[in-house]
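Peer 1: Below is the file input13.cif, with mmCIF, C-alpha atoms.
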data_structure
#
loop_
_atom_site.label_atom_id
_atom_site.label_comp_id
_atom_site.auth_asym_id
_atom_site.auth_seq_id
_atom_site.Cartn_x
_atom_site.Cartn_y
_atom_site.Cartn_z
CA MET A 1 100.57 107.47 119.39
CA ALA A 2 101.08 105.90 122.78
CA LYS A 3 98.09 104.61 124.64
CA GLY A 4 96.29 107.28 126.63
CA GLU A 5 98.34 110.15 125.19
CA TRP A 6 97.28 113.76 124.80
CA LYS A 7 98.24 115.42 121.55
CA ARG A 8 97.58 118.52 119.53
CA SER A 9 95.29 118.22 116.55
CA GLY A 10 96.93 118.70 113.19
CA ALA A 11 99.69 116.98 111.26
CA ASP A 12 102.68 115.80 113.32
CA ASP A 13 102.03 118.36 116.06
CA LEU A 14 103.04 121.13 113.66
CA GLN A 15 102.10 124.56 114.91
CA LEU A 16 100.64 126.37 111.95
CA SER A 17 100.44 130.11 111.89
CA GLY A 18 96.83 130.58 110.87
CA ARG A 19 94.94 127.95 112.85
CA SER A 20 93.72 127.40 116.35
CA GLU A 21 94.07 123.78 117.40
CA CYS A 22 92.42 121.84 120.19
CA GLU A 23 93.78 119.07 122.37
CA VAL A 24 92.79 115.48 121.64
CA PHE A 25 92.91 112.47 123.94
CA ASP A 26 92.93 109.03 122.30
CA ASP A 27 93.50 105.81 124.21
CA GLY A 28 94.88 104.17 121.08
CA THR A 29 92.25 101.43 120.78
CA ASN A 30 92.45 99.72 117.37
CA THR A 31 89.36 97.58 116.93
CA PHE A 32 88.15 95.49 114.01
CA PHE A 33 86.30 98.54 112.72
CA TRP A 34 89.56 100.44 112.24
CA ARG A 35 91.80 97.69 110.88
CA ALA A 36 92.63 97.42 107.18
CA HIS A 37 90.61 94.75 105.37
CA THR A 38 92.42 94.63 102.04
CA LEU A 39 92.55 90.82 101.90
CA THR A 40 88.91 90.49 102.91
CA VAL A 41 87.76 92.88 100.19
CA LEU A 42 90.01 91.15 97.64
CA PHE A 43 88.57 87.73 98.56
CA ILE A 44 84.95 88.92 98.31
CA LEU A 45 85.62 90.67 95.00
CA THR A 46 87.32 87.59 93.55
CA CYS A 47 84.45 85.35 94.61
CA ALA A 48 81.94 87.67 92.94
CA LEU A 49 83.90 87.67 89.68
CA VAL A 50 84.28 83.88 89.77
CA TYR A 51 80.53 83.51 90.29
CA VAL A 52 79.72 85.79 87.35
CA THR A 53 82.23 84.01 85.12
CA LEU A 54 81.53 80.34 85.91
CA LEU A 55 78.07 80.06 87.41
CA GLU A 56 76.02 82.81 85.78
CA GLU A 57 74.83 82.61 82.20
CA THR A 58 75.54 85.78 80.25
CA PRO A 59 72.35 87.34 78.79
CA GLN A 60 72.16 88.00 75.07
CA ASP A 61 71.10 91.63 75.57
CA THR A 62 73.97 93.85 74.39
CA ALA A 63 72.66 97.02 76.04
CA TYR A 64 72.12 95.23 79.36
CA ASN A 65 75.58 93.65 79.27
CA THR A 66 77.15 97.04 78.47
CA LYS A 67 75.44 98.71 81.42
CA ARG A 68 76.32 95.87 83.77
CA GLY A 69 79.94 95.83 82.59
CA ILE A 70 80.30 99.56 83.20
CA VAL A 71 78.73 99.25 86.67
CA ALA A 72 81.00 96.30 87.53
CA SER A 73 84.08 98.23 86.38
CA ILE A 74 83.10 101.18 88.58
CA LEU A 75 82.53 98.90 91.58
CA VAL A 76 85.94 97.26 91.16
CA PHE A 77 87.57 100.69 91.01
CA LEU A 78 85.67 101.79 94.13
CA CYS A 79 86.81 98.66 96.00
CA PHE A 80 90.40 99.37 95.04
CA GLY A 81 90.18 103.04 96.00
CA VAL A 82 88.45 102.49 99.34
CA THR A 83 91.13 100.02 100.44
CA GLN A 84 94.25 101.49 98.80
CA ALA A 85 93.78 105.24 98.24
CA LYS A 86 95.63 107.77 100.39
CA ASP A 87 93.78 109.08 103.43
CA GLY A 88 92.61 112.66 103.48
CA PRO A 89 92.43 115.16 106.36
CA PHE A 90 89.18 113.70 107.76
CA THR A 91 88.97 110.44 109.73
CA ARG A 92 85.39 110.45 111.04
CA PRO A 93 83.16 108.54 110.79
CA HIS A 94 85.79 106.41 109.02
CA PRO A 95 88.67 107.15 106.62
CA ALA A 96 87.18 104.66 104.14
CA TYR A 97 84.10 106.87 103.86
CA TRP A 98 86.16 109.78 102.58
CA ARG A 99 88.24 107.52 100.32
CA PHE A 100 84.97 106.33 98.82
CA TRP A 101 83.93 109.90 97.93
CA LEU A 102 87.36 110.55 96.46
CA CYS A 103 86.90 107.58 94.13
CA VAL A 104 83.38 108.74 93.28
CA SER A 105 84.91 112.09 92.35
CA VAL A 106 87.26 110.38 89.90
CA VAL A 107 84.39 108.37 88.36
CA TYR A 108 82.27 111.51 88.00
CA GLU A 109 85.13 113.41 86.36
CA LEU A 110 85.67 110.55 83.88
CA PHE A 111 81.95 110.62 83.09
CA LEU A 112 82.12 114.38 82.45
CA ILE A 113 85.14 113.94 80.19
CA PHE A 114 83.21 111.33 78.19
CA ILE A 115 80.22 113.68 77.82
CA LEU A 116 82.53 116.53 76.82
CA PHE A 117 83.93 114.53 73.89
CA GLN A 118 80.48 113.69 72.45
CA THR A 119 78.41 115.72 70.04
CA VAL A 120 75.58 117.72 71.55
CA HIS A 121 72.94 115.32 70.23
CA ASP A 122 74.82 112.16 71.25
CA GLY A 123 75.60 113.52 74.69
CA ARG A 124 71.96 114.36 75.41
CA GLN A 125 70.74 111.04 74.06
CA PHE A 126 73.36 109.18 76.09
CA MET A 127 71.55 110.33 79.21
CA LYS A 128 68.73 107.96 78.22
CA TYR A 129 71.00 105.04 79.11
CA ILE A 130 70.94 106.33 82.67
CA ASP A 131 67.23 107.17 82.69
CA PRO A 132 64.93 106.65 79.67
CA LYS A 133 62.96 109.74 80.71
CA LEU A 134 65.93 111.98 79.94
CA GLY A 135 67.01 113.26 76.53
CA VAL A 136 63.81 115.26 76.01
CA PRO A 137 63.75 119.07 75.76
CA LEU A 138 62.30 120.70 78.85
CA PRO A 139 60.23 123.87 79.05
CA GLU A 140 61.93 126.46 81.19
CA ARG A 141 59.98 127.78 84.15
CA ASP A 142 60.51 131.13 85.79
CA TYR A 143 59.55 132.09 89.30
CA GLY A 144 59.08 135.77 88.61
CA GLY A 145 55.93 135.61 86.51
CA ASN A 146 53.68 135.45 89.54
CA CYS A 147 54.73 137.14 92.78
CA LEU A 148 51.54 136.39 94.69
CA ILE A 149 51.87 134.29 97.82
CA TYR A 150 48.30 133.10 97.34
CA ASP A 151 47.41 132.36 93.71
CA PRO A 152 43.66 131.91 93.18
CA GLY A 153 44.31 131.29 89.48
CA ASN A 154 45.75 127.88 90.28
CA PRO A 155 42.87 126.01 91.95
CA ALA A 156 44.77 122.71 92.08
CA ASP A 157 47.50 124.24 94.26
CA PRO A 158 46.90 127.89 95.16
CA PHE A 159 50.03 127.92 97.39
CA HIS A 160 52.31 126.63 94.62
CA ASN A 161 54.79 129.49 95.06
CA ILE A 162 55.36 128.57 98.72
CA TRP A 163 55.65 124.88 97.82
CA THR A 164 58.18 125.64 95.09
CA LEU A 165 60.15 127.83 97.47
CA MET A 166 60.13 125.10 100.13
CA ILE A 167 61.45 122.48 97.74
CA ARG A 168 64.05 124.82 96.28
CA ASP A 169 65.14 126.21 99.65
CA TRP A 170 65.80 122.71 100.93
CA TRP A 171 69.00 122.46 98.89
CA MET A 172 69.69 126.07 97.98
CA CYS A 173 69.92 127.21 101.65
CA MET A 174 73.38 125.57 101.99
CA ILE A 175 75.01 126.95 98.85
CA ILE A 176 73.35 130.28 98.16
CA SER A 177 74.92 133.63 98.99
CA VAL A 178 74.27 137.28 98.39
CA MET A 179 76.66 137.25 95.45
CA PHE A 180 74.68 134.45 93.86
CA GLU A 181 71.55 136.55 94.08
CA PHE A 182 73.32 139.24 92.07
CA LEU A 183 74.36 136.55 89.60
CA GLU A 184 70.72 135.52 89.25
CA TYR A 185 69.77 139.12 88.56
CA SER A 186 72.59 139.38 86.02
CA LEU A 187 71.89 136.11 84.16
CA GLU A 188 68.10 135.97 84.15
CA HIS A 189 68.19 136.96 80.47
CA GLN A 190 69.99 133.65 79.77
CA LEU A 191 68.02 131.28 82.00
CA PRO A 192 64.39 132.22 82.66
CA ASN A 193 64.30 130.30 85.94
CA PHE A 194 66.74 132.86 87.37
CA SER A 195 63.86 135.34 87.25
CA GLU A 196 62.38 135.45 90.73
CA CYS A 197 60.26 137.80 92.75
CA TRP A 198 62.07 140.40 94.81
CA TRP A 199 60.86 138.87 98.06
CA ASP A 200 62.12 135.49 96.87
CA HIS A 201 65.60 136.93 96.33
CA TRP A 202 66.02 138.96 99.48
CA ILE A 203 63.53 137.60 102.04
CA MET A 204 63.28 133.88 101.36
CA ASP A 205 66.84 133.36 100.09
CA VAL A 206 69.06 135.94 101.78
CA LEU A 207 67.30 136.52 105.10
CA LEU A 208 65.61 133.21 105.85
CA CYS A 209 67.60 130.53 104.04
CA ASN A 210 71.07 132.01 103.95
CA GLY A 211 70.83 134.03 107.16
CA LEU A 212 69.32 131.24 109.23
CA GLY A 213 71.75 128.72 107.78
CA ILE A 214 74.74 130.89 108.63
CA TYR A 215 73.46 131.45 112.18
CA CYS A 216 72.92 127.74 112.80
CA GLY A 217 76.29 126.95 111.22
CA MET A 218 78.13 129.39 113.46
CA LYS A 219 76.43 127.92 116.54
CA THR A 220 77.52 124.45 115.43
CA LEU A 221 81.08 125.64 114.84
CA GLY A 222 81.14 127.18 118.31
CA TRP A 223 80.00 123.90 119.86
CA LEU A 224 82.58 121.90 117.90
CA SER A 225 85.38 124.24 118.95
CA MET A 226 84.45 124.02 122.65
CA LYS A 227 83.61 120.32 123.06
CA PRO A 228 86.25 117.97 124.53
CA TYR A 229 87.79 115.47 122.12
CA GLN A 230 88.36 112.39 124.26
CA TRP A 231 88.21 109.11 122.35
CA GLN A 232 87.93 105.76 124.08
CA GLY A 233 87.36 102.30 122.73
CA LEU A 234 83.71 101.24 122.81
CA TRP A 235 84.44 98.23 125.02
CA HIS A 236 86.33 100.38 127.52
CA ILE A 237 83.19 102.39 128.33
CA PRO A 238 81.29 100.70 131.19
CA THR A 239 77.76 102.16 130.78
CA TYR A 240 75.29 101.68 127.93
CA LYS A 241 74.60 105.41 127.90
CA GLY A 242 78.29 106.08 127.42
CA LYS A 243 78.46 103.54 124.59
CA ILE A 244 75.52 105.14 122.79
CA LYS A 245 77.07 108.57 123.26
CA ARG A 246 80.38 107.29 121.90
CA ILE A 247 78.64 105.87 118.81
CA ALA A 248 76.90 109.19 118.19
CA PHE A 249 80.16 111.13 118.58
CA GLN A 250 81.74 108.86 115.96
CA PHE A 251 79.94 111.06 113.41
CA THR A 252 81.59 114.23 114.75
CA PRO A 253 85.13 115.41 113.87
CA TYR A 254 88.11 113.67 115.45
CA SER A 255 89.59 117.07 116.29
CA TRP A 256 88.85 120.68 115.56
CA VAL A 257 90.88 123.25 113.67
CA LYS A 258 89.58 126.79 113.52
CA PHE A 259 90.02 128.39 110.11
CA GLU A 260 91.43 131.89 110.01
CA TRP A 261 91.48 132.94 106.37
CA ARG A 262 92.88 136.50 106.90
CA PRO A 263 92.50 137.53 103.24
CA ALA A 264 93.96 141.00 103.81
CA SER A 265 97.16 139.73 105.45
CA ASN A 266 99.07 139.26 102.17
CA LEU A 267 98.50 139.15 98.44
CA ARG A 268 98.74 135.36 98.20
CA ARG A 269 95.92 134.77 100.67
CA TRP A 270 93.81 137.52 99.09
CA LEU A 271 94.09 135.97 95.61
CA ALA A 272 93.41 132.52 97.08
CA VAL A 273 90.20 133.70 98.75
CA LEU A 274 89.07 135.38 95.52
CA GLY A 275 89.75 132.14 93.66
CA ILE A 276 87.75 130.12 96.19
CA ILE A 277 84.78 132.50 95.88
CA PHE A 278 84.96 132.35 92.09
CA MET A 279 85.06 128.53 91.97
CA PHE A 280 82.27 128.30 94.53
CA LEU A 281 79.98 130.56 92.47
CA LEU A 282 80.91 128.73 89.28
CA ALA A 283 79.94 125.40 90.85
CA GLU A 284 76.59 126.92 91.87
CA LEU A 285 75.92 128.22 88.37
CA ASN A 286 76.84 124.84 86.89
CA THR A 287 73.92 123.35 88.80
CA PHE A 288 71.45 125.37 86.75
CA TYR A 289 73.26 125.40 83.42
CA LEU A 290 74.00 121.66 83.39
CA LYS A 291 70.38 120.66 83.82
CA PHE A 292 69.51 123.23 81.15
CA VAL A 293 71.93 121.96 78.49
CA LEU A 294 71.52 118.23 79.34
CA TRP A 295 67.71 118.46 79.57
CA MET A 296 67.37 117.29 83.15
CA PRO A 297 64.28 118.39 85.10
CA PRO A 298 65.02 120.07 88.46
CA GLU A 299 63.27 117.32 90.39
CA HIS A 300 65.35 114.53 88.81
CA TYR A 301 67.34 112.39 91.24
CA LEU A 302 70.62 113.08 89.39
CA VAL A 303 70.36 116.77 90.37
CA LEU A 304 69.94 115.78 94.00
CA LEU A 305 72.79 113.26 93.82
CA ARG A 306 75.11 115.93 92.45
CA LEU A 307 74.29 118.19 95.39
CA VAL A 308 74.85 115.37 97.89
CA PHE A 309 78.14 114.67 96.16
CA PHE A 310 79.35 118.26 96.51
CA VAL A 311 78.26 118.41 100.16
CA ASN A 312 80.52 115.45 100.94
CA VAL A 313 83.55 116.38 98.85
CA GLY A 314 83.34 120.14 99.41
CA GLY A 315 84.31 120.01 103.09
CA VAL A 316 87.41 117.90 102.38
CA ALA A 317 88.39 120.12 99.47
CA MET A 318 88.10 123.30 101.55
CA ARG A 319 90.23 121.80 104.34
CA GLU A 320 92.93 120.81 101.84
CA ILE A 321 92.85 124.25 100.23
CA TYR A 322 93.18 125.89 103.63
CA ASP A 323 96.13 123.68 104.60
CA PHE A 324 97.86 124.39 101.29
CA MET A 325 97.25 128.13 101.59
CA ASP A 326 98.08 128.43 105.29
CA ASP A 327 101.29 126.38 105.40
CA PRO A 328 102.80 125.85 101.93
CA LYS A 329 106.13 124.75 103.44
CA PHE A 330 104.53 121.64 104.96
CA HIS A 331 101.76 121.09 102.38
CA LYS A 332 103.84 121.42 99.23
CA LYS A 333 101.05 120.48 96.82
CA LEU A 334 97.31 120.90 96.57
CA GLY A 335 95.30 118.06 98.13
CA GLN A 336 93.90 115.29 95.97
CA GLN A 337 90.23 116.02 96.72
CA ALA A 338 90.65 119.76 96.13
CA TRP A 339 92.40 119.06 92.83
CA ILE A 340 89.67 116.77 91.51
CA VAL A 341 86.86 119.10 92.68
CA ALA A 342 88.45 122.01 90.83
CA THR A 343 88.78 119.84 87.74
CA ILE A 344 85.14 118.77 87.97
CA THR A 345 83.95 122.38 88.26
CA VAL A 346 85.94 123.46 85.20
CA THR A 347 84.82 120.41 83.16
CA GLU A 348 81.17 121.06 83.96
CA PHE A 349 81.52 124.63 82.75
CA LEU A 350 83.22 123.47 79.53
CA ILE A 351 80.30 121.11 78.88
CA VAL A 352 77.91 124.04 79.26
CA VAL A 353 79.97 126.16 76.86
CA LYS A 354 80.14 123.39 74.25
CA TYR A 355 76.53 122.23 74.44
CA ASP A 356 74.85 125.64 74.34
CA PRO A 357 77.24 128.44 73.35
CA ASN A 358 74.36 130.59 72.09
CA THR A 359 72.89 130.91 75.58
CA ILE A 360 76.26 131.66 77.15
CA MET A 361 77.04 134.31 74.54
CA LEU A 362 73.77 136.20 74.91
CA PRO A 363 74.73 139.85 75.44
CA ILE A 364 74.47 141.02 79.03
CA PRO A 365 72.31 144.13 79.53
CA PHE A 366 74.35 147.32 79.54
CA PHE A 367 73.46 148.42 83.07
CA VAL A 368 74.37 144.95 84.40
CA THR A 369 77.71 145.15 82.62
CA GLN A 370 78.33 148.56 84.16
CA CYS A 371 77.62 147.24 87.65
CA TRP A 372 80.03 144.30 87.27
CA ILE A 373 82.73 146.49 85.73
CA LEU A 374 82.37 148.90 88.63
CA GLY A 375 82.66 146.06 91.14
CA ILE A 376 85.73 144.60 89.43
CA VAL A 377 87.39 148.00 89.22
CA LEU A 378 86.77 148.61 92.93
CA ILE A 379 88.32 145.25 93.77
CA LEU A 380 91.35 146.01 91.61
CA ILE A 381 91.75 149.47 93.14
CA TRP A 382 91.55 148.08 96.68
CA THR A 383 94.04 145.32 95.78
CA LEU A 384 96.50 147.83 94.34
CA TRP A 385 96.13 150.13 97.34
CA ARG A 386 96.32 147.41 100.01
CA PHE A 387 99.17 145.31 98.67
CA PHE A 388 101.19 147.75 96.54
CA ILE A 389 100.58 151.44 97.18
CA ARG A 390 100.13 151.03 100.92
CA ASP A 391 103.20 148.83 101.24
CA ILE A 392 105.29 151.21 99.17
CA THR A 393 104.08 154.12 101.30
CA LEU A 394 104.89 152.27 104.52
CA ARG A 395 108.34 151.32 103.26
CA TYR A 396 108.99 154.91 102.19
CA LYS A 397 107.93 156.20 105.62
CA GLU A 398 110.12 153.63 107.33
CA THR A 399 113.09 154.53 105.16
CA ARG A 400 112.53 158.23 105.78
CA ARG A 401 112.29 157.65 109.54
CA ARG A 402 115.55 155.71 109.55
CA ARG A 403 117.27 158.46 107.57
CA GLN A 404 116.04 161.07 110.02
CA GLU A 405 117.30 159.00 112.95
CA GLY A 406 120.66 158.61 111.22
CA SER A 407 120.95 162.33 110.51
CA SER A 408 120.09 163.20 114.13
CA GLU A 409 122.80 160.85 115.35
CA ARG A 410 125.31 162.46 113.00
CA ASP A 411 124.25 165.89 114.33
CA ARG A 412 125.00 164.77 117.85
CA VAL A 413 128.46 163.40 116.99
CA PRO A 414 130.08 166.83 116.05
CA GLY A 415 128.86 168.23 119.38
CA HIS A 416 130.79 165.60 121.25
CA ALA A 417 133.83 166.34 119.12
CA ASP A 418 133.70 170.07 119.99
CA GLY A 419 133.47 169.28 123.68
CA SER A 420 136.52 167.06 123.48
CA ASN A 421 138.45 169.73 121.59
CA THR A 422 137.53 172.33 124.23
CA ALA A 423 138.72 170.06 126.99
CA SER A 424 141.97 169.43 125.13
CA SER A 425 142.56 173.14 124.63
CA GLY A 426 141.85 173.74 128.33
CA ARG A 427 144.36 171.12 129.34
CA SER A 428 146.95 172.58 126.97
CA LYS A 429 146.45 176.06 128.44
CA LEU A 430 146.80 174.68 131.93
CA ASN A 431 150.00 172.95 130.95
CA GLY A 432 151.29 176.19 129.45
CA SER A 433 150.60 178.16 132.62
CA MET A 434 152.34 175.51 134.72
CA ASP A 435 155.42 175.73 132.52
CA THR A 436 155.48 179.51 133.04
CA VAL A 437 155.39 179.13 136.84
CA ARG A 438 158.29 176.67 136.75
CA GLN A 439 160.35 179.03 134.66
CA ARG A 440 159.74 181.88 137.16
CA LYS A 441 160.74 179.70 140.08
CA SER A 442 163.90 178.71 138.37
#
Turn this file's structure into structure tokens for me.
Peer 2:
Amino acid sequence: MAKGEWKRSGADDLQLSGRSECEVFDDGTNTFFWRAHTLTVLFILTCALVYVTLLEETPQDTAYNTKRGIVASILVFLCFGVTQAKDGPFTRPHPAYWRFWLCVSVVYELFLIFILFQTVHDGRQFMKYIDPKLGVPLPERDYGGNCLIYDPGNPADPFHNIWTLMIRDWWMCMIISVMFEFLEYSLEHQLPNFSECWWDHWIMDVLLCNGLGIYCGMKTLGWLSMKPYQWQGLWHIPTYKGKIKRIAFQFTPYSWVKFEWRPASNLRRWLAVLGIIFMFLLAELNTFYLKFVLWMPPEHYLVLLRLVFFVNVGGVAMREIYDFMDDPKFHKKLGQQAWIVATITVTEFLIVVKYDPNTIMLPIPFFVTQCWILGIVLILIWTLWRFFIRDITLRYKETRRRRQEGSSERDRVPGHADGSNTASSGRSKLNGSMDTVRQRKS
């Protein structure tokens, strides 16, 4: 882009049908921070390997060497991916940041594949190589056994329900939804920790956590859609206040694209939105089932790291899915981050199925089954009506209207023909009378 040029956000100024784009001003400054550093990274990586090979004595501990070799292999792959992988749709705070999470996604998927191919016992015991505290069966806790806000029976922490809700709400407020609450109701016979008090489901989760999170998110989206996107080089800004503001804005989007999903516009978008909802709920359920089958306590740092991972890769994946769904002619294939996230979600579920099929196959209560069947049937009926019956009805009405218009035009055509015949007969009679007058004169 030329220096100091205004442009539309999006790929190659392409006007896409389902998005609202903002204008972006970029002065084209390309500082050291934005330049590629492939040779620098290669030099540093080579020096580190030379140091380990020639100057460091290899320990005689096989387990330690195995762990260090695996970590070194992962680091080399991350260095390659950060410098050489293809950029995604996001460029702030830096494209390398998003390339890093893409490579982490690949490493995590490879780890899941490895766990999937182990026996249940070996897979659970392998977790001890990551943390010796893992690999031990955990007692399941449920939150529905005591619905008192103040619990005098627990003198050490009488407000333990509030404390548990505060810790759990900290990460559940961003991923929970009303549908997930119904899933908790439906699956509490499989995992006891799905059993919660009614006020925990609908007041703490739905109203406070989910409702407040959605409200704050919409306010943030409104601010991002209205703010000006004018990017200048840091050294081109004269004041210190402007420099600090520019540094802070580096952690905001480069441009803004408003998503317009429009699920009822056509069948393709409707099925895509249903698929997104399904995968989103499956990823949420995997959070609980994975720690159940792999014996990880909820407070373990691996559970938190997985949530941080999905927060970073989820935004990129949703943008790529939207681009692929909104303009398939330009985006001919699903984005790389969306593809690997979908693979991770499916692999996690397969691990749950393999490691504890008895829990998954526990029969669902009959009334719960009836509710889900009713919901699925209603969705199918609405889908058939909206995209098949309604369209057929509209096409039939349109065809019938065109036929009626055609028949009315044909009705008008014979009228014109009769008028012309009458005029012709009148002219012929006039000609006949004139011939009679001539004969009399002669």
Peer 1: Starting from the displayed file, determine the output of the PyMOL selection byres ((chain A and resi 261) around 9) and express the residue list as number ranges by chain.
Peer 2: A: 18-19, 259-260, 262-265, 269-270, 273, 322, 325-326
Peer 1: Given the file shown, enumerate the residues that the PyMOL selection byres ((chain A and resi 357-366) around 10) captures and present them as a ChimeraX atom specification.
Peer 2: /A:186-191,289,293,350-356,367-371
Peer 1: Using Å and a single decimal, report how far atom CA of Met218 of chain A sits from atom CA of Phe180 of chain A.
Peer 2: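 Rounded to one decimal, the two atoms are 20.5 Å apart.
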Peer 1: Quick one: 5 Å padding each side, axis-aligned, all listed atoms of segment 285-300 of chain A - centre and edge lengths in Å to one decimal, as lines of an AutoDock Vina configuration file?
Peer 2:
center_x = 70.1
center_y = 121.4
center_z = 84.4
size_x = 23.6
size_y = 23.7
size_z = 21.9
Peer 1: I'd like to know which of A:Pro228, A:Pro192, A:Pro59, A:Gly81 is closest to Pro139 of chain A, using all atoms listed in the file.
Peer 2: A:Pro192
Peer 1: To one decimal place in Å, what is the distance between atom CA of Leu274 of chain A and atom CA of Ala338 of chain A?
Peer 2: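 Distance reported for this atom pair: 15.7 Å.
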Peer 1: Grab the atom CA of Val377 of chain A to atom CA of Leu394 of chain A distance for me, in Å with one decimal place.
Peer 2: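 Going from atom CA of Val377 of chain A over to atom CA of Leu394 of chain A covers 23.6 Å.
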Peer 1: For Gln337 of chain A, work out the shell of residues within 12 Å, counting all atoms listed in the file and skipping chain neighbours fewer than 5 positions away, then give it as a PDB file with C-alpha atoms, keeping the file's coordinate frame.
Peer 2:
ATOM      1  CA  ALA A  85      93.780 105.240  98.240  1.00  0.00           C
ATOM      2  CA  LYS A  86      95.630 107.770 100.390  1.00  0.00           C
ATOM      3  CA  ASP A  87      93.780 109.080 103.430  1.00  0.00           C
ATOM      4  CA  GLY A  88      92.610 112.660 103.480  1.00  0.00           C
ATOM      5  CA  PRO A  89      92.430 115.160 106.360  1.00  0.00           C
ATOM      6  CA  PHE A  90      89.180 113.700 107.760  1.00  0.00           C
ATOM      7  CA  TRP A  98      86.160 109.780 102.580  1.00  0.00           C
ATOM      8  CA  ARG A  99      88.240 107.520 100.320  1.00  0.00           C
ATOM      9  CA  PHE A 100      84.970 106.330  98.820  1.00  0.00           C
ATOM     10  CA  TRP A 101      83.930 109.900  97.930  1.00  0.00           C
ATOM     11  CA  LEU A 102      87.360 110.550  96.460  1.00  0.00           C
ATOM     12  CA  CYS A 103      86.900 107.580  94.130  1.00  0.00           C
ATOM     13  CA  VAL A 104      83.380 108.740  93.280  1.00  0.00           C
ATOM     14  CA  SER A 105      84.910 112.090  92.350  1.00  0.00           C
ATOM     15  CA  VAL A 106      87.260 110.380  89.900  1.00  0.00           C
ATOM     16  CA  GLU A 109      85.130 113.410  86.360  1.00  0.00           C
ATOM     17  CA  PHE A 310      79.350 118.260  96.510  1.00  0.00           C
ATOM     18  CA  ASN A 312      80.520 115.450 100.940  1.00  0.00           C
ATOM     19  CA  VAL A 313      83.550 116.380  98.850  1.00  0.00           C
ATOM     20  CA  GLY A 314      83.340 120.140  99.410  1.00  0.00           C
ATOM     21  CA  GLY A 315      84.310 120.010 103.090  1.00  0.00           C
ATOM     22  CA  VAL A 316      87.410 117.900 102.380  1.00  0.00           C
ATOM     23  CA  ALA A 317      88.390 120.120  99.470  1.00  0.00           C
ATOM     24  CA  MET A 318      88.100 123.300 101.550  1.00  0.00           C
ATOM     25  CA  ARG A 319      90.230 121.800 104.340  1.00  0.00           C
ATOM     26  CA  GLU A 320      92.930 120.810 101.840  1.00  0.00           C
ATOM     27  CA  ILE A 321      92.850 124.250 100.230  1.00  0.00           C
ATOM     28  CA  ALA A 342      88.450 122.010  90.830  1.00  0.00           C
ATOM     29  CA  THR A 343      88.780 119.840  87.740  1.00  0.00           C
ATOM     30  CA  ILE A 344      85.140 118.770  87.970  1.00  0.00           C
TER      31      ILE A 344
END
Peer 1: Report the residues retrieved by the PyMOL selection byres ((chain A and resi 93) around 10) from the displayed file, expressed as a list of chain:residue names.
Peer 2: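 Listing what the PyMOL selection byres ((chain A and resi 93) around 10) selects in the shown file: A:Phe90, A:Thr91, A:Arg92, A:His94, A:Pro95, A:Ala96, A:Tyr97, A:Trp98, A:Ile247, A:Ala248, A:Phe249, A:Gln250, A:Phe251, A:Thr252, A:Pro253, A:Tyr254.
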Peer 1: Do you know which residues are at most 12 Å from His300 of chain A counting only C-alpha atoms, after dropping those on the same chain fewer than 3 positions away, and could you put them as a list in words?
Peer 2: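 Here the qualifying residues turn out to be Ile130, Asp131, Lys133, Leu134, Lys291, Leu294, Trp295, Met296, Pro297, Val303, Leu304, Leu305, Arg306 and Leu307 of chain A.
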